[in-house]
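First the structure, in the form of structure tokens, and then the observations on it.
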Amino acid sequence: MIETRNLTKKFSKLVAVDHISFNVKRGEIFGLLGPNGAGKTTTIRMLSTLTRPTEGTATVGDYDIVKDDNEVRKLIGLVSEKIIMYDRLTAKENLWFFGRLYDISKEVLNKRIDELLELVQLGNWKDIQVGTFSSGMRQRMNVIRALLNMPEVLLLDEPTLGLDPQSSVEVREFIKKINRENKTTIILTTHMMVEADMLCDRIGIIDHGKIAALDTPTNLKKLVSGADTTILELEIANLTTNMVSLIQSLKCVSSVSQDNSTHIKVHASGDDAFDTIIDAIRAEKGKIASVKNLEPTLEDVFLHITGHEVRDKADQKIPMRRHRRFMPVRRRVR
Amino acid sequence: MGVKSLVSHTFMVTWKDLMELFRNKMGLIMLVLMPIFMMSMAGFIFPSSTSISHVSVALVNQDEGYGNYSASAILIAALEQMNNNTGMMTITNASSLDEVREIIQRGEVDGGIVIASNFTSSLMTGKQGTITIVTDQSNPQMSMVLQIALTEVFEQIGTWVAEQNVQRLPGIDESNSLATVKPYSVQTEGAVSGSFSYFDFMAPGLMAMTVMMSVMTGLPAAISHEREVGTLDGMMVAPINRLAIILGKTLAQTARGLLQGILILTLAVALFGVTIHGNILLIFALLLLGVFSFVGLGVVITSFAKDQETAMMVMMTLMFPMMFLSGVFFPIQQMPWYMQSISNVLPLTYAATALRKVMVSGAGVSMITTELAVLIGFGVVMTAIAVPVFKRAITR
């Protein structure tokens, strides 16, 4: 359904998206996972014809995103990071405006607006200005706006950004429902591992504009656990730096990270890793308050693949061109 | 994409923009207040010799008279009578020229009149009587106005006195005494009958300015705002012609500008006694043409200014020279030549001139062909630049 070949976007010297190639099958939910500034939004913007690629090509439903941009636009719905709604217009007026831009006939549009508003439980709010809505309601509006033209492909850029946990769950459920019922192909970007894990059939891990790994969530996790990795979260009441460095020095341990004064997270490999670590702590008279044997999360996968944690670069948004003067281009930290 | 959907999409964008405008109560109030403020300010503040009132003037009468007779008393009586009618001055008495100078410097009065000690005796012995007008140089505008007004007053009184004197000469009677004193009668007549005030001069220019500025500033502000908020993307991902976005927004801004234009016209006619001599349809046609010539400029600015703040700054920089150099408030003819040459390349100058010709002098299309040609030419050139520039800027 969607195919990209060496898709590249440069902003002056900065390469935001660096020769990305991937395929998305019809009816699939495909996730682009990566920290802020990894190039997710730029990829989505190129696929939705809002930005022209510097190099490479991409097709959506066999239409080229540059040459046949208008055909692509008919196929897609975009849920942008920003809320595409006019605050002074009511819910219905907003949907009416965008719906009419797709040449949907008035009767059909009227019916569809009511259905969509019902679908996200906003039926009672249809004559109220969007400016008064809560962020959860606005985001639901933002999603159904993209569904007005019954798109075959739905592009979602950080659909749960800034939402409380409950609203996030609602939006995720809704995305799954659309995919299940309408067979809509979905590409979504997120920086949240949990979200990608829950929603996506396949995930592309994107970092510094490049796809670092691409597979199903299960297979990605196997990349880590396949090397029979044990991940332990330990709470030790009398934790000392000495103890930490001792654990670090164990043969089976690959990394130790300290969360706070009593919690540590240990990555280790080998069959007897668990026993070895516990024994070592006991030998040092460590009082183990709790032990958790963790399933590898995508967080761990990301760490494993890219060699750095997600939050390393979390505050480094790729400067857009218009911000160039106000934000110095930072050197990349490797 | 057919013409039909282009029209329908354009209309939708216009509808949306106008809905947003009318829902914005505060903005709407400002929309109405702005022209009212402009009109009142421009109308009441700018000085003209006919409109000054209650200027405080110190009067010094040093005249010693000639026997029992005092010509200055007659003069002052005439002056006071005139002043009672016009209310132009507030007259206070002072004792000497030095005192007048001092109180002018202290800012207590705006000017002074000094009648010389030999005023009556000079007149009686066939010489000229001297009246000195003292002005405050620190306020050149006021001193000029006062000087002109007082000179005219004394001229009139002088003529009247001369007429009286001449009547006593042999061979001259009342019927031709005035012609003897003042052989010429100068009359001013406008090309169109009726009386005109400064508002008649200003209203057309103000209308042209408001409508065109509204398009020129409103369009970049609206588009860059939508770009920043992100709603522009919503329109951009829809399968519509990009032209529909510009056209729709332009139409909305034009409607807004015309609304203000009509408001100014109504105010001018209802409150400030402006009379419209030309064809009202031609006036609106001219306003629309003005809009067309300014849209391109607005779009070009939109394309280059990446955010709303920059757009507003560029607008301000362009707006001020336009406001003052295009002859909306001041006649172009009174500017130095280099300013005039800048004036002559501003499209607003032509729009204001054409509109003034039509509104004040009742000119028809044939009399404003130069202005029309310039406006159309400017519009075509700007649009030709604007469309490709905008298309490039919008898909980066």
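Simple scheme: letters A, B, ... for chains in structure tokens order, numbers from 1 for residues in each chain, numbers from 1 for ligands in the order shown.
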
Taking the DSSP secondary structure from the backbone, can you list the residues of stretch 38-210 of chain A that are strand (DSSP E or B), as a PyMOL selection string?
chain A and resi 55-60+63-64+76-79+90+129+153-157+185-190+202-207+210

Would you kindly return, as a list in words, each protein, DNA or RNA residue with an atom no farther than 12 Å from any atom of B:Gly107, considering only C-alpha atoms and excluding same-chain residues fewer than 6 positions away?
Val55, Ser56, Val57, Ala58, Val100, Arg101, Thr135, Asp136, Gln137, Ser138 and Asn139 of chain B

Could those residues be written to a file, using N, CA and C atoms, as a PDB file, in the first residue's frame?
```pdb
ATOM      1  N   VAL B  55      -7.961  80.549  20.743  1.00  0.00           N
ATOM      2  CA  VAL B  55      -6.536  80.803  20.843  1.00  0.00           C
ATOM      3  C   VAL B  55      -6.381  82.004  21.761  1.00  0.00           C
ATOM      4  N   SER B  56      -5.564  81.872  22.789  1.00  0.00           N
ATOM      5  CA  SER B  56      -5.437  83.009  23.700  1.00  0.00           C
ATOM      6  C   SER B  56      -4.455  84.031  23.125  1.00  0.00           C
ATOM      7  N   VAL B  57      -4.930  85.260  23.057  1.00  0.00           N
ATOM      8  CA  VAL B  57      -4.133  86.325  22.451  1.00  0.00           C
ATOM      9  C   VAL B  57      -4.081  87.508  23.413  1.00  0.00           C
ATOM     10  N   ALA B  58      -2.891  88.051  23.589  1.00  0.00           N
ATOM     11  CA  ALA B  58      -2.752  89.226  24.444  1.00  0.00           C
ATOM     12  C   ALA B  58      -2.847  90.490  23.590  1.00  0.00           C
ATOM     13  N   VAL B 100       4.139  91.091  26.567  1.00  0.00           N
ATOM     14  CA  VAL B 100       3.586  90.083  25.645  1.00  0.00           C
ATOM     15  C   VAL B 100       4.628  89.007  25.369  1.00  0.00           C
ATOM     16  N   ARG B 101       5.845  89.444  25.084  1.00  0.00           N
ATOM     17  CA  ARG B 101       6.915  88.488  24.808  1.00  0.00           C
ATOM     18  C   ARG B 101       7.108  87.536  25.984  1.00  0.00           C
ATOM     19  N   THR B 135       4.167  86.458  17.452  1.00  0.00           N
ATOM     20  CA  THR B 135       3.829  85.021  17.395  1.00  0.00           C
ATOM     21  C   THR B 135       4.798  84.201  18.226  1.00  0.00           C
ATOM     22  N   ASP B 136       4.376  82.980  18.498  1.00  0.00           N
ATOM     23  CA  ASP B 136       5.183  82.046  19.290  1.00  0.00           C
ATOM     24  C   ASP B 136       5.905  81.097  18.332  1.00  0.00           C
ATOM     25  N   GLN B 137       7.213  81.341  18.125  1.00  0.00           N
ATOM     26  CA  GLN B 137       7.955  80.536  17.140  1.00  0.00           C
ATOM     27  C   GLN B 137       8.100  79.068  17.538  1.00  0.00           C
ATOM     28  N   SER B 138       7.940  78.803  18.831  1.00  0.00           N
ATOM     29  CA  SER B 138       8.108  77.409  19.241  1.00  0.00           C
ATOM     30  C   SER B 138       6.950  76.557  18.735  1.00  0.00           C
ATOM     31  N   ASN B 139       5.896  77.176  18.282  1.00  0.00           N
ATOM     32  CA  ASN B 139       4.771  76.443  17.715  1.00  0.00           C
ATOM     33  C   ASN B 139       4.488  76.976  16.310  1.00  0.00           C
TER      34      ASN B 139
END
```

Would you mind listing, as a PyMOL selection string, all residues of chain B that have at least one atom within 12 Å of chain A, where only C-alpha atoms are what counts?
chain B and resi 1-2+4-25+224-242+244-245+303-310+391-396

Show which residues sit within 8 Å of B:Leu282, as a PyMOL selection string. Count only C-alpha atoms, and ignore same-chain residues fewer than 3 positions away.
chain B and resi 278-279+285-286+358+365

Figure out the distance between atom CA of B:Leu243 and atom CA of B:Gly27, please, to one decimal in Å.
26.8 Å

Quick one: everything within 10 Å of A:Asp207, counting only C-alpha atoms, minus sequence neighbours fewer than 2 positions away in the same chain. Send it as a PyMOL selection string.
chain A and resi 16-18+32-40+204-205+209-213+302+305-306+310+313

Just the selected residues (C-alpha atoms), exported as a PDB file, in the first residue's frame, please.
```pdb
ATOM      1  CA  ALA A  16      16.194  14.985   8.896  1.00  0.00           C
ATOM      2  CA  VAL A  17      15.308  11.794   7.033  1.00  0.00           C
ATOM      3  CA  ASP A  18      18.173   9.764   5.653  1.00  0.00           C
ATOM      4  CA  LEU A  32       7.563   4.577  13.404  1.00  0.00           C
ATOM      5  CA  LEU A  33       9.184   4.593  16.797  1.00  0.00           C
ATOM      6  CA  GLY A  34      11.879   6.950  17.839  1.00  0.00           C
ATOM      7  CA  PRO A  35      12.792   9.890  20.039  1.00  0.00           C
ATOM      8  CA  ASN A  36      11.796  13.433  19.183  1.00  0.00           C
ATOM      9  CA  GLY A  37      13.831  14.729  16.305  1.00  0.00           C
ATOM     10  CA  ALA A  38      14.464  11.302  14.819  1.00  0.00           C
ATOM     11  CA  GLY A  39      12.677  12.251  11.597  1.00  0.00           C
ATOM     12  CA  LYS A  40       9.240  10.711  12.216  1.00  0.00           C
ATOM     13  CA  GLY A 204      10.348   0.603  12.369  1.00  0.00           C
ATOM     14  CA  ILE A 205      12.753   1.972  14.918  1.00  0.00           C
ATOM     15  CA  GLY A 209      16.754   9.867  10.316  1.00  0.00           C
ATOM     16  CA  LYS A 210      17.582   6.232   9.646  1.00  0.00           C
ATOM     17  CA  ILE A 211      15.627   3.047  10.216  1.00  0.00           C
ATOM     18  CA  ALA A 212      17.697   1.096  12.740  1.00  0.00           C
ATOM     19  CA  ALA A 213      15.468  -1.984  12.889  1.00  0.00           C
ATOM     20  CA  PHE A 302      15.802   0.619  21.503  1.00  0.00           C
ATOM     21  CA  ILE A 305      19.775  -1.433  18.853  1.00  0.00           C
ATOM     22  CA  THR A 306      20.793   2.205  18.970  1.00  0.00           C
ATOM     23  CA  VAL A 310      15.384   7.111  24.212  1.00  0.00           C
ATOM     24  CA  LYS A 313      17.800  13.068  22.876  1.00  0.00           C
TER      25      LYS A 313
END
```

I'd like to know which residues of stretch 35-119 of chain A are helix (DSSP H, G or I) (by DSSP, run on the backbone); could you write them as a VMD selection string?
chain A and resid 40 to 47 69 to 75 91 to 101 106 to 119

I need the residue nearest B:Met213 from this list: B:Ser293, B:Thr353, B:Thr151, B:Gln167. Use only C-alpha atoms for the distance.
B:Ser293

Who sits within 9 Å of B:Ser361, only C-alpha atoms, same chain under 2 positions skipped, as a PDB file with C-alpha atoms, in the first residue's frame:
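To be explicit, this is the file written out as around-v2.pdb:
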```pdb
ATOM      1  CA  ALA B 191     -14.878  72.582 -10.318  1.00  0.00           C
ATOM      2  CA  VAL B 192     -17.906  71.097  -8.676  1.00  0.00           C
ATOM      3  CA  ILE B 276     -20.662  61.879  -2.706  1.00  0.00           C
ATOM      4  CA  HIS B 277     -20.717  63.274  -6.206  1.00  0.00           C
ATOM      5  CA  GLY B 278     -19.652  60.253  -8.217  1.00  0.00           C
ATOM      6  CA  ARG B 356     -11.064  61.111  -4.605  1.00  0.00           C
ATOM      7  CA  LYS B 357     -11.673  62.180  -8.173  1.00  0.00           C
ATOM      8  CA  VAL B 358     -14.769  60.010  -8.344  1.00  0.00           C
ATOM      9  CA  MET B 359     -16.171  60.829  -4.918  1.00  0.00           C
ATOM     10  CA  ALA B 363     -15.348  61.917 -12.343  1.00  0.00           C
TER      11      ALA B 363
END
```

Figure out the distance between atom CA of B:Tyr184 and atom CA of B:Gly158, please, to one decimal in Å.
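Computed distance, atom CA of B:Gly158 to atom CA of B:Tyr184, equals 15.7 Å.
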
Report as a PyMOL selection string all protein, DNA and RNA residues lying within 9 Å of B:Met34, evaluated on only C-alpha atoms, omitting residues in the same chain fewer than 5 positions from it.
chain B and resi 29+39+260

If we count only C-alpha atoms and set the cut-off at 12 Å, which residues sit around stretch 193-197 of chain A, ignoring sequence neighbours fewer than 4 positions away in its own chain? Please answer as a PyMOL selection string.
chain A and resi 29-35+158-161+165+168-169+171-173+175-176+187-189+201-205+215-221+296-303+309-311

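For the atom pair formed by atom CA of A:Glu55 and atom CA of A:Ser21, the distance is 11.8 Å, given to one decimal.
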
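Minimum atom-to-atom distances from B:Leu348, B:Ile131, B:Leu259, B:Val186 to B:Gln62 were compared using only C-alpha atoms, and the lowest value belongs to B:Ile131.
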